>>> print(open('input.pdb').read())   # PDB, N, CA, C and O atoms
ATOM      1  N   MET A  17     -10.113   2.506  51.447
ATOM      2  CA  MET A  17     -10.124   1.286  50.705
ATOM      3  C   MET A  17     -10.961   0.272  51.476
ATOM      4  O   MET A  17     -10.900   0.195  52.700
ATOM      5  N   LEU A  18     -11.745  -0.527  50.735
ATOM      6  CA  LEU A  18     -12.608  -1.534  51.338
ATOM      7  C   LEU A  18     -12.353  -2.886  50.695
ATOM      8  O   LEU A  18     -11.982  -2.977  49.527
ATOM      9  N   ASP A  19     -12.576  -3.947  51.460
ATOM     10  CA  ASP A  19     -12.661  -5.276  50.877
ATOM     11  C   ASP A  19     -14.095  -5.729  51.097
ATOM     12  O   ASP A  19     -14.676  -5.479  52.148
ATOM     13  N   ALA A  20     -14.701  -6.320  50.086
ATOM     14  CA  ALA A  20     -16.120  -6.648  50.185
ATOM     15  C   ALA A  20     -16.460  -7.906  49.391
ATOM     16  O   ALA A  20     -16.978  -7.833  48.276
ATOM     17  N   PRO A  21     -16.176  -9.079  49.947
ATOM     18  CA  PRO A  21     -16.604 -10.302  49.280
ATOM     19  C   PRO A  21     -18.123 -10.301  49.107
ATOM     20  O   PRO A  21     -18.847  -9.697  49.895
ATOM     21  N   VAL A  22     -18.571 -10.993  48.099
ATOM     22  CA  VAL A  22     -19.981 -11.002  47.724
ATOM     23  C   VAL A  22     -20.518 -12.429  47.784
ATOM     24  O   VAL A  22     -19.844 -13.373  47.409
ATOM     25  N   SER A  23     -21.749 -12.547  48.241
ATOM     26  CA  SER A  23     -22.451 -13.820  48.225
ATOM     27  C   SER A  23     -23.788 -13.605  47.542
ATOM     28  O   SER A  23     -24.416 -12.559  47.721
ATOM     29  N   GLY A  24     -24.208 -14.565  46.766
ATOM     30  CA  GLY A  24     -25.515 -14.463  46.120
ATOM     31  C   GLY A  24     -25.526 -14.927  44.681
ATOM     32  O   GLY A  24     -26.581 -15.176  44.122
ATOM     33  N   GLY A  25     -24.366 -15.039  44.084
ATOM     34  CA  GLY A  25     -24.266 -15.571  42.731
ATOM     35  C   GLY A  25     -24.919 -14.718  41.663
ATOM     36  O   GLY A  25     -25.300 -13.562  41.893
ATOM     37  N   VAL A  26     -25.076 -15.314  40.496
ATOM     38  CA  VAL A  26     -25.625 -14.615  39.341
ATOM     39  C   VAL A  26     -27.071 -14.198  39.603
ATOM     40  O   VAL A  26     -27.463 -13.075  39.299
ATOM     41  N   LEU A  27     -27.863 -15.087  40.196
ATOM     42  CA  LEU A  27     -29.259 -14.757  40.478
ATOM     43  C   LEU A  27     -29.356 -13.551  41.415
ATOM     44  O   LEU A  27     -30.165 -12.646  41.186
ATOM     45  N   GLY A  28     -28.519 -13.518  42.450
ATOM     46  CA  GLY A  28     -28.504 -12.381  43.363
ATOM     47  C   GLY A  28     -28.114 -11.091  42.667
ATOM     48  O   GLY A  28     -28.656 -10.028  42.955
ATOM     49  N   ALA A  29     -27.177 -11.187  41.731
ATOM     50  CA  ALA A  29     -26.760 -10.004  40.982
ATOM     51  C   ALA A  29     -27.886  -9.513  40.077
ATOM     52  O   ALA A  29     -28.144  -8.316  39.979
ATOM     53  N   GLU A  30     -28.573 -10.445  39.443
ATOM     54  CA  GLU A  30     -29.662 -10.075  38.535
ATOM     55  C   GLU A  30     -30.861  -9.482  39.275
ATOM     56  O   GLU A  30     -31.557  -8.618  38.750
ATOM     57  N   THR A  31     -31.095  -9.946  40.494
ATOM     58  CA  THR A  31     -32.263  -9.489  41.249
ATOM     59  C   THR A  31     -31.935  -8.424  42.290
ATOM     60  O   THR A  31     -32.824  -7.958  42.995
ATOM     61  N   GLY A  32     -30.667  -8.051  42.405
ATOM     62  CA  GLY A  32     -30.263  -7.022  43.359
ATOM     63  C   GLY A  32     -30.350  -7.463  44.801
ATOM     64  O   GLY A  32     -30.620  -6.660  45.686
ATOM     65  N   THR A  33     -30.108  -8.753  45.045
ATOM     66  CA  THR A  33     -30.216  -9.290  46.412
ATOM     67  C   THR A  33     -28.884  -9.825  46.930
ATOM     68  O   THR A  33     -28.860 -10.695  47.795
ATOM     69  N   LEU A  34     -27.790  -9.324  46.414
ATOM     70  CA  LEU A  34     -26.476  -9.776  46.866
ATOM     71  C   LEU A  34     -26.250  -9.443  48.344
ATOM     72  O   LEU A  34     -26.878  -8.533  48.888
ATOM     73  N   THR A  35     -25.345 -10.179  48.955
ATOM     74  CA  THR A  35     -24.901  -9.898  50.313
ATOM     75  C   THR A  35     -23.427  -9.519  50.248
ATOM     76  O   THR A  35     -22.634 -10.211  49.617
ATOM     77  N   PHE A  36     -23.072  -8.417  50.898
ATOM     78  CA  PHE A  36     -21.686  -7.951  50.942
ATOM     79  C   PHE A  36     -21.195  -8.001  52.384
ATOM     80  O   PHE A  36     -21.882  -7.538  53.293
ATOM     81  N   MET A  37     -20.018  -8.568  52.599
ATOM     82  CA  MET A  37     -19.339  -8.543  53.888
ATOM     83  C   MET A  37     -18.186  -7.554  53.725
ATOM     84  O   MET A  37     -17.213  -7.848  53.035
ATOM     85  N   VAL A  38     -18.304  -6.386  54.344
ATOM     86  CA  VAL A  38     -17.413  -5.266  54.049
ATOM     87  C   VAL A  38     -16.413  -5.036  55.177
ATOM     88  O   VAL A  38     -16.779  -4.958  56.350
ATOM     89  N   GLY A  39     -15.148  -4.940  54.807
ATOM     90  CA  GLY A  39     -14.097  -4.595  55.749
ATOM     91  C   GLY A  39     -13.402  -3.316  55.316
ATOM     92  O   GLY A  39     -13.284  -3.045  54.123
ATOM     93  N   GLY A  40     -12.963  -2.522  56.262
ATOM     94  CA  GLY A  40     -12.275  -1.268  55.974
ATOM     95  C   GLY A  40     -12.646  -0.233  57.011
ATOM     96  O   GLY A  40     -13.346  -0.530  57.980
ATOM     97  N   SER A  41     -12.209   0.979  56.797
ATOM     98  CA  SER A  41     -12.530   2.031  57.771
ATOM     99  C   SER A  41     -14.036   2.296  57.747
ATOM    100  O   SER A  41     -14.693   2.170  56.711
ATOM    101  N   GLU A  42     -14.558   2.668  58.900
ATOM    102  CA  GLU A  42     -15.993   2.948  58.982
ATOM    103  C   GLU A  42     -16.372   4.124  58.087
ATOM    104  O   GLU A  42     -17.446   4.137  57.471
ATOM    105  N   GLU A  43     -15.474   5.099  57.982
ATOM    106  CA  GLU A  43     -15.721   6.260  57.131
ATOM    107  C   GLU A  43     -15.891   5.837  55.663
ATOM    108  O   GLU A  43     -16.820   6.271  54.977
ATOM    109  N   ALA A  44     -14.993   4.983  55.187
ATOM    110  CA  ALA A  44     -15.084   4.503  53.805
ATOM    111  C   ALA A  44     -16.338   3.651  53.609
ATOM    112  O   ALA A  44     -17.007   3.742  52.573
ATOM    113  N   TYR A  45     -16.655   2.825  54.609
ATOM    114  CA  TYR A  45     -17.854   1.988  54.538
ATOM    115  C   TYR A  45     -19.106   2.860  54.412
ATOM    116  O   TYR A  45     -19.958   2.613  53.551
ATOM    117  N   LEU A  46     -19.231   3.871  55.259
ATOM    118  CA  LEU A  46     -20.411   4.734  55.228
ATOM    119  C   LEU A  46     -20.522   5.478  53.894
ATOM    120  O   LEU A  46     -21.627   5.666  53.372
ATOM    121  N   ALA A  47     -19.385   5.888  53.345
ATOM    122  CA  ALA A  47     -19.396   6.585  52.059
ATOM    123  C   ALA A  47     -19.847   5.659  50.927
ATOM    124  O   ALA A  47     -20.530   6.089  49.994
ATOM    125  N   ALA A  48     -19.483   4.385  50.996
ATOM    126  CA  ALA A  48     -19.795   3.436  49.929
ATOM    127  C   ALA A  48     -21.120   2.700  50.143
ATOM    128  O   ALA A  48     -21.603   2.029  49.229
ATOM    129  N   LYS A  49     -21.711   2.821  51.306
ATOM    130  CA  LYS A  49     -22.924   2.065  51.641
ATOM    131  C   LYS A  49     -24.042   2.218  50.598
ATOM    132  O   LYS A  49     -24.654   1.216  50.209
ATOM    133  N   PRO A  50     -24.327   3.422  50.104
ATOM    134  CA  PRO A  50     -25.372   3.534  49.077
ATOM    135  C   PRO A  50     -25.058   2.725  47.813
ATOM    136  O   PRO A  50     -25.959   2.156  47.192
ATOM    137  N   LEU A  51     -23.795   2.652  47.450
ATOM    138  CA  LEU A  51     -23.396   1.863  46.289
ATOM    139  C   LEU A  51     -23.685   0.380  46.530
ATOM    140  O   LEU A  51     -24.225  -0.312  45.662
ATOM    141  N   PHE A  52     -23.335  -0.120  47.716
ATOM    142  CA  PHE A  52     -23.619  -1.519  48.034
ATOM    143  C   PHE A  52     -25.121  -1.801  47.996
ATOM    144  O   PHE A  52     -25.561  -2.814  47.469
ATOM    145  N   PHE A  53     -25.922  -0.894  48.562
ATOM    146  CA  PHE A  53     -27.365  -1.091  48.568
ATOM    147  C   PHE A  53     -27.972  -1.009  47.171
ATOM    148  O   PHE A  53     -29.057  -1.542  46.945
ATOM    149  N   SER A  54     -27.285  -0.401  46.224
ATOM    150  CA  SER A  54     -27.796  -0.387  44.852
ATOM    151  C   SER A  54     -27.624  -1.749  44.178
ATOM    152  O   SER A  54     -28.272  -2.023  43.170
ATOM    153  N   MET A  55     -26.784  -2.612  44.763
ATOM    154  CA  MET A  55     -26.528  -3.930  44.180
ATOM    155  C   MET A  55     -27.020  -5.082  45.041
ATOM    156  O   MET A  55     -27.113  -6.215  44.574
ATOM    157  N   GLY A  56     -27.289  -4.814  46.315
ATOM    158  CA  GLY A  56     -27.667  -5.901  47.209
ATOM    159  C   GLY A  56     -28.587  -5.439  48.301
ATOM    160  O   GLY A  56     -28.882  -4.246  48.430
ATOM    161  N   LYS A  57     -29.052  -6.408  49.095
ATOM    162  CA  LYS A  57     -29.957  -6.027  50.183
ATOM    163  C   LYS A  57     -29.372  -6.309  51.556
ATOM    164  O   LYS A  57     -29.901  -5.854  52.558
ATOM    165  N   ASN A  58     -28.299  -7.068  51.640
ATOM    166  CA  ASN A  58     -27.657  -7.370  52.919
ATOM    167  C   ASN A  58     -26.234  -6.864  52.894
ATOM    168  O   ASN A  58     -25.392  -7.411  52.188
ATOM    169  N   ILE A  59     -25.976  -5.817  53.655
ATOM    170  CA  ILE A  59     -24.651  -5.224  53.724
ATOM    171  C   ILE A  59     -24.189  -5.345  55.176
ATOM    172  O   ILE A  59     -24.818  -4.792  56.072
ATOM    173  N   ILE A  60     -23.122  -6.081  55.389
ATOM    174  CA  ILE A  60     -22.654  -6.364  56.746
ATOM    175  C   ILE A  60     -21.280  -5.739  56.932
ATOM    176  O   ILE A  60     -20.328  -6.106  56.233
ATOM    177  N   TYR A  61     -21.183  -4.792  57.858
ATOM    178  CA  TYR A  61     -19.892  -4.177  58.148
ATOM    179  C   TYR A  61     -19.158  -5.057  59.148
ATOM    180  O   TYR A  61     -19.652  -5.350  60.227
ATOM    181  N   CYS A  62     -17.964  -5.502  58.773
ATOM    182  CA  CYS A  62     -17.204  -6.470  59.568
ATOM    183  C   CYS A  62     -16.027  -5.853  60.310
ATOM    184  O   CYS A  62     -15.262  -6.574  60.956
ATOM    185  N   GLY A  63     -15.820  -4.554  60.206
ATOM    186  CA  GLY A  63     -14.717  -3.916  60.914
ATOM    187  C   GLY A  63     -13.597  -3.524  59.966
ATOM    188  O   GLY A  63     -13.824  -3.261  58.795
ATOM    189  N   GLY A  64     -12.389  -3.499  60.491
ATOM    190  CA  GLY A  64     -11.218  -2.995  59.771
ATOM    191  C   GLY A  64     -10.868  -3.739  58.501
ATOM    192  O   GLY A  64     -11.458  -4.766  58.160
ATOM    193  N   ALA A  65      -9.876  -3.204  57.812
ATOM    194  CA  ALA A  65      -9.431  -3.761  56.536
ATOM    195  C   ALA A  65      -9.098  -5.245  56.663
ATOM    196  O   ALA A  65      -8.449  -5.668  57.606
ATOM    197  N   GLY A  66      -9.587  -6.022  55.723
ATOM    198  CA  GLY A  66      -9.345  -7.462  55.699
ATOM    199  C   GLY A  66     -10.422  -8.277  56.386
ATOM    200  O   GLY A  66     -10.556  -9.466  56.140
ATOM    201  N   ASN A  67     -11.212  -7.653  57.243
ATOM    202  CA  ASN A  67     -12.234  -8.398  57.982
ATOM    203  C   ASN A  67     -13.373  -8.878  57.099
ATOM    204  O   ASN A  67     -13.993  -9.891  57.399
ATOM    205  N   GLY A  68     -13.666  -8.170  56.035
ATOM    206  CA  GLY A  68     -14.695  -8.639  55.109
ATOM    207  C   GLY A  68     -14.292  -9.964  54.493
ATOM    208  O   GLY A  68     -15.073 -10.910  54.448
ATOM    209  N   SER A  69     -13.050 -10.040  54.054
ATOM    210  CA  SER A  69     -12.544 -11.279  53.459
ATOM    211  C   SER A  69     -12.489 -12.415  54.467
ATOM    212  O   SER A  69     -12.791 -13.559  54.145
ATOM    213  N   LEU A  70     -12.109 -12.080  55.697
ATOM    214  CA  LEU A  70     -12.037 -13.116  56.730
ATOM    215  C   LEU A  70     -13.409 -13.691  57.054
ATOM    216  O   LEU A  70     -13.530 -14.866  57.391
ATOM    217  N   SER A  71     -14.453 -12.880  56.943
ATOM    218  CA  SER A  71     -15.794 -13.352  57.276
ATOM    219  C   SER A  71     -16.298 -14.383  56.281
ATOM    220  O   SER A  71     -17.131 -15.208  56.608
ATOM    221  N   LEU A  72     -15.793 -14.356  55.062
ATOM    222  CA  LEU A  72     -16.265 -15.277  54.046
ATOM    223  C   LEU A  72     -15.647 -16.665  54.198
ATOM    224  O   LEU A  72     -16.297 -17.661  53.879
ATOM    225  N   SER A  73     -14.453 -16.780  54.716
ATOM    226  CA  SER A  73     -13.783 -18.081  54.823
ATOM    227  C   SER A  73     -14.568 -19.107  55.632
ATOM    228  O   SER A  73     -14.729 -20.241  55.175
ATOM    229  N   PRO A  74     -15.074 -18.768  56.818
ATOM    230  CA  PRO A  74     -15.856 -19.761  57.564
ATOM    231  C   PRO A  74     -17.128 -20.177  56.828
ATOM    232  O   PRO A  74     -17.525 -21.342  56.881
ATOM    233  N   LEU A  75     -17.748 -19.271  56.098
ATOM    234  CA  LEU A  75     -18.947 -19.599  55.335
ATOM    235  C   LEU A  75     -18.619 -20.598  54.237
ATOM    236  O   LEU A  75     -19.338 -21.581  54.047
ATOM    237  N   ILE A  76     -17.535 -20.367  53.537
ATOM    238  CA  ILE A  76     -17.134 -21.291  52.474
ATOM    239  C   ILE A  76     -16.816 -22.656  53.060
ATOM    240  O   ILE A  76     -17.215 -23.684  52.510
ATOM    241  N   SER A  77     -16.117 -22.698  54.189
ATOM    242  CA  SER A  77     -15.799 -23.965  54.844
ATOM    243  C   SER A  77     -17.066 -24.712  55.232
ATOM    244  O   SER A  77     -17.179 -25.921  55.029
ATOM    245  N   LEU A  78     -18.028 -24.004  55.788
ATOM    246  CA  LEU A  78     -19.286 -24.622  56.189
ATOM    247  C   LEU A  78     -20.003 -25.213  54.981
ATOM    248  O   LEU A  78     -20.468 -26.358  55.020
ATOM    249  N   LEU A  79     -20.090 -24.445  53.904
ATOM    250  CA  LEU A  79     -20.763 -24.942  52.705
ATOM    251  C   LEU A  79     -20.047 -26.144  52.105
ATOM    252  O   LEU A  79     -20.690 -27.098  51.659
ATOM    253  N   ASN A  80     -18.727 -26.119  52.102
ATOM    254  CA  ASN A  80     -17.966 -27.267  51.605
ATOM    255  C   ASN A  80     -18.230 -28.498  52.456
ATOM    256  O   ASN A  80     -18.430 -29.598  51.932
ATOM    257  N   ASN A  81     -18.249 -28.326  53.771
ATOM    258  CA  ASN A  81     -18.505 -29.460  54.659
ATOM    259  C   ASN A  81     -19.914 -30.010  54.482
ATOM    260  O   ASN A  81     -20.120 -31.226  54.522
ATOM    261  N   LEU A  82     -20.876 -29.142  54.283
ATOM    262  CA  LEU A  82     -22.241 -29.603  54.027
ATOM    263  C   LEU A  82     -22.312 -30.392  52.724
ATOM    264  O   LEU A  82     -22.978 -31.419  52.646
ATOM    265  N   GLY A  83     -21.629 -29.914  51.713
ATOM    266  CA  GLY A  83     -21.598 -30.619  50.433
ATOM    267  C   GLY A  83     -20.991 -31.999  50.573
ATOM    268  O   GLY A  83     -21.504 -32.983  50.019
ATOM    269  N   ILE A  84     -19.916 -32.111  51.331
ATOM    270  CA  ILE A  84     -19.277 -33.416  51.566
ATOM    271  C   ILE A  84     -20.220 -34.327  52.330
ATOM    272  O   ILE A  84     -20.370 -35.509  52.002
ATOM    273  N   ALA A  85     -20.899 -33.793  53.334
ATOM    274  CA  ALA A  85     -21.821 -34.602  54.137
ATOM    275  C   ALA A  85     -22.963 -35.131  53.273
ATOM    276  O   ALA A  85     -23.329 -36.308  53.370
ATOM    277  N   PHE A  86     -23.519 -34.304  52.435
ATOM    278  CA  PHE A  86     -24.606 -34.751  51.565
ATOM    279  C   PHE A  86     -24.109 -35.764  50.564
ATOM    280  O   PHE A  86     -24.792 -36.753  50.271
ATOM    281  N   ASP A  87     -22.916 -35.558  50.031
ATOM    282  CA  ASP A  87     -22.351 -36.476  49.052
ATOM    283  C   ASP A  87     -22.123 -37.853  49.674
ATOM    284  O   ASP A  87     -22.370 -38.882  49.047
ATOM    285  N   LYS A  88     -21.644 -37.895  50.911
ATOM    286  CA  LYS A  88     -21.373 -39.170  51.575
ATOM    287  C   LYS A  88     -22.671 -39.923  51.879
ATOM    288  O   LYS A  88     -22.665 -41.130  52.026
ATOM    289  N   GLY A  89     -23.772 -39.191  51.964
ATOM    290  CA  GLY A  89     -25.051 -39.837  52.268
ATOM    291  C   GLY A  89     -25.727 -40.449  51.056
ATOM    292  O   GLY A  89     -26.684 -41.205  51.173
ATOM    293  N   ARG A  90     -25.220 -40.161  49.862
ATOM    294  CA  ARG A  90     -25.823 -40.720  48.641
ATOM    295  C   ARG A  90     -25.293 -42.125  48.392
ATOM    296  O   ARG A  90     -24.126 -42.412  48.655
ATOM    297  N   PRO A  91     -26.150 -43.003  47.852
ATOM    298  CA  PRO A  91     -25.683 -44.380  47.528
ATOM    299  C   PRO A  91     -24.715 -44.398  46.376
ATOM    300  O   PRO A  91     -24.633 -43.592  45.557
TER     301      PRO A  91
END
>>> encode(input="input.pdb", output="structure tokens")
Amino acid sequence: MLDAPVSGGVLGAETGTLTFMVGGSEEAYLAAKPLFFSMGKNIIYCGGAGNGSLSLSPLISLLNNLGIAFDKGRP
């Protein structure tokens, strides 16, 4: 079993440039790797189960903070 959050949105899905952060056993990751590459170009193995999901949280926090910073800078 794998967990694999996705980044790239609709445009990434349409153009096959999604990014996957994959967590789970290395054996399962290697077996599924061709499937991920059929949908995206950046496949990042993050280690054991749950690590894929954990890798996305800091990214979301960073993007939210950037959005707040830009919003505060507008008149």
>>> closest_residue(input="input.pdb", among="A:Lys49, A:Met17, A:Met37, A:Ala44", to="Tyr61 of chain A", atoms="only N, CA, C and O atoms")
A:Met37
>>> atom_distance(input="input.pdb", atom1="atom CA of Gly66 of chain A", atom2="atom O of Glu30 of chain A")
28.0 Å
>>> residues_near_point(input="input.pdb", point="(-14.2, -2.6, 59.6)", cutoff="12 Å", atoms="only C-alpha atoms", output="PyMOL selection string")
chain A and resi 17-20+37-46+60-71
>>> atom_distance(input="input.pdb", atom1="atom CA of Pro21 of chain A", atom2="atom CA of Ile59 of chain A")
10.5 Å
>>> atom_distance(input="input.pdb", atom1="atom CA of Val26 of chain A", atom2="atom O of Ala47 of chain A")
23.8 Å
>>> residues_around(input="input.pdb", residues="Met55 of chain A", least_positions_apart="6", cutoff="10 Å", atoms="only C-alpha atoms", output="list of chain:residue names")
A:Gly28, A:Ala29, A:Glu30, A:Thr31, A:Gly32, A:Thr33, A:Leu34, A:Thr35, A:Phe36
